[in-house]
Structures are given as C-alpha cells and as structure tokens.
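**Student:** Just passing along the structure, written as structure tokens.
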Amino acid sequence: DFPEFVSAILADRYPFAHPSVAYRRDVVRALGGYDATLAPSEDKDLYRRLALARHEARSIEEPLVHYRRHERQLSQEQAELQLAVDHAGQERFLAELVGADDAGRLRRLLATGVDPGGDAPGLLERLIDGAEHRLDLSEPERTRLESLLSRHVARRALAAGPAGYGALRWSRRRAPAATALTVLLPAVPPVRAVGRVARRAARSDLLLP
C-alpha cells in the first residue's frame, strides 16, 4: 500500500532492486526523468519523487531477475559517491515533509535512532504531520505509516543504546513492547554486552504489533 511505499523510502529499506522495476514511461517523463546530478543513486531519487506525486508501487512476489554482485560493479567502485548523493537525495525528499532546516537531522535520526538536536519525539511527530499534509494521507494512511515507521525507529533506537531513548519513547505508542525498554534504557551502561543484547532485540520481531 502507499504508506508502506513511503515507509520503505523513509527507512531506506527498499523491497526491490532497480533492474527488477517496471514503470510507465509517460509518468516518469512527467516527473522529469532521472536526475543525473544524483547518479549513481538516481534510481532511489526517482522512487522518492514518485511518492511525492502520490504514485504507488506494487511488488510481484516471484523471482523474475537474476542480479549478479561483483567487485567491479558501480555500487562497489563508486560506493562513497553513491552514499553522498543518496544522502543528498534523501534530504531533498525529507525537506518536502519537514522543511530544509530539519532534513539533515531527520535523515540521521532515521538512520541511527539518535537525533543530533536532542528532540527525537518532536522531530518524528513533525515528520508524520508533514507527510500527512504533503502526501495528502487519509487518516487510515497516516495511522498505517506511523505504525510502520515506529517499528523501524524502535529498532534503530534499541541498536543505539541509551542515546536512542528519545526515539524509543516516541515509538512506544505503536510498539507496546518498547514501553518497558523506555524505562530501562537510560539506566543501562553503554557496555559491549548491552550493545549485543540491543542489536539482537533490534533484529527480532519483538516490536511487531
């Protein structure tokens, strides 16, 4: 559904690889086609602009493409450039939802579970409000997006340890299992063993509703 598409973009966890994607050419041309300034991450930028235009995506759960990984592929040889332009594209998307001033903070929060500005709950709430307004979400769509995003943020916050307390506190509304952890996390010393426990919890389905 559309909220799941938006959530995949926000979490930077796409359920498809670009060689497997098919789309209507006239739709993409109307959006300006690929942005060559964001190569070699222009494919993810296209997904973001499709979402901003309220286009949806559908996944065929059948393997139809063989994708070969090797040392000479573009994502390996230009990994640093790809990451840099991908961050720029993600921040451009987030700026549409929360404004340019908070886009960088929000990108780092979604990636790490930690807000450099110290107000994760406020920033995440502005994200949901901004997505509702900019993407014209219905009330059920907003609820669905908030639920999906809460699960992602909770996992990132758990992996971050005590520094992720603010994000975890925001997530507990949609991830009830996180409620007890919001009490315990600030008191947990950031030691290696605790980090392993947090990472295991972050990878588990504990936070799934």
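A note on labels: chains of the structure tokens are A, B, ... as shown, every chain counts residues from 1, and ligands are counted from 1 in their shown order.
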Residues near A:Leu106, anyone? I mean within 9 Å using only C-alpha atoms, not counting same-chain ones fewer than 4 positions away, as a PyMOL selection string.

**Tutor:** chain A and resi 91+94+98+102+110-111+115-116+120+123-124+127

**Student:** Do you know which residues are at most 10 Å from stretch 77-87 of chain A counting only C-alpha atoms, after dropping those on the same chain fewer than 6 positions away, and could you put them as number ranges by chain?

**Tutor:** A: 12, 37-45, 71, 93, 104, 107-108

**Student:** With only C-alpha atoms as the basis for distance, which of A:Asp101, A:Arg169, A:Ala11, A:Pro3 is at the shortest distance from A:His152?

**Tutor:**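 Answer, going by the shortest atom-to-atom distance: A:Ala11.
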
**Student:** Show me, as a PyMOL selection string, the residues that have an atom within 8 Å of stretch 30-33 of chain A when counting only C-alpha atoms, minus same-chain residues fewer than 6 positions from it.

**Tutor:** chain A and resi 46+49-50

**Student:** I need the chosen residues saved as a PDB file, in the first residue's frame, with C-alpha atoms.

**Tutor:**
ATOM      1  CA  LEU A  46      13.067   8.540  -8.687  1.00  0.00           C
ATOM      2  CA  ARG A  49       9.641  11.715  -6.480  1.00  0.00           C
ATOM      3  CA  LEU A  50       7.093   9.089  -7.462  1.00  0.00           C
TER       4      LEU A  50
END
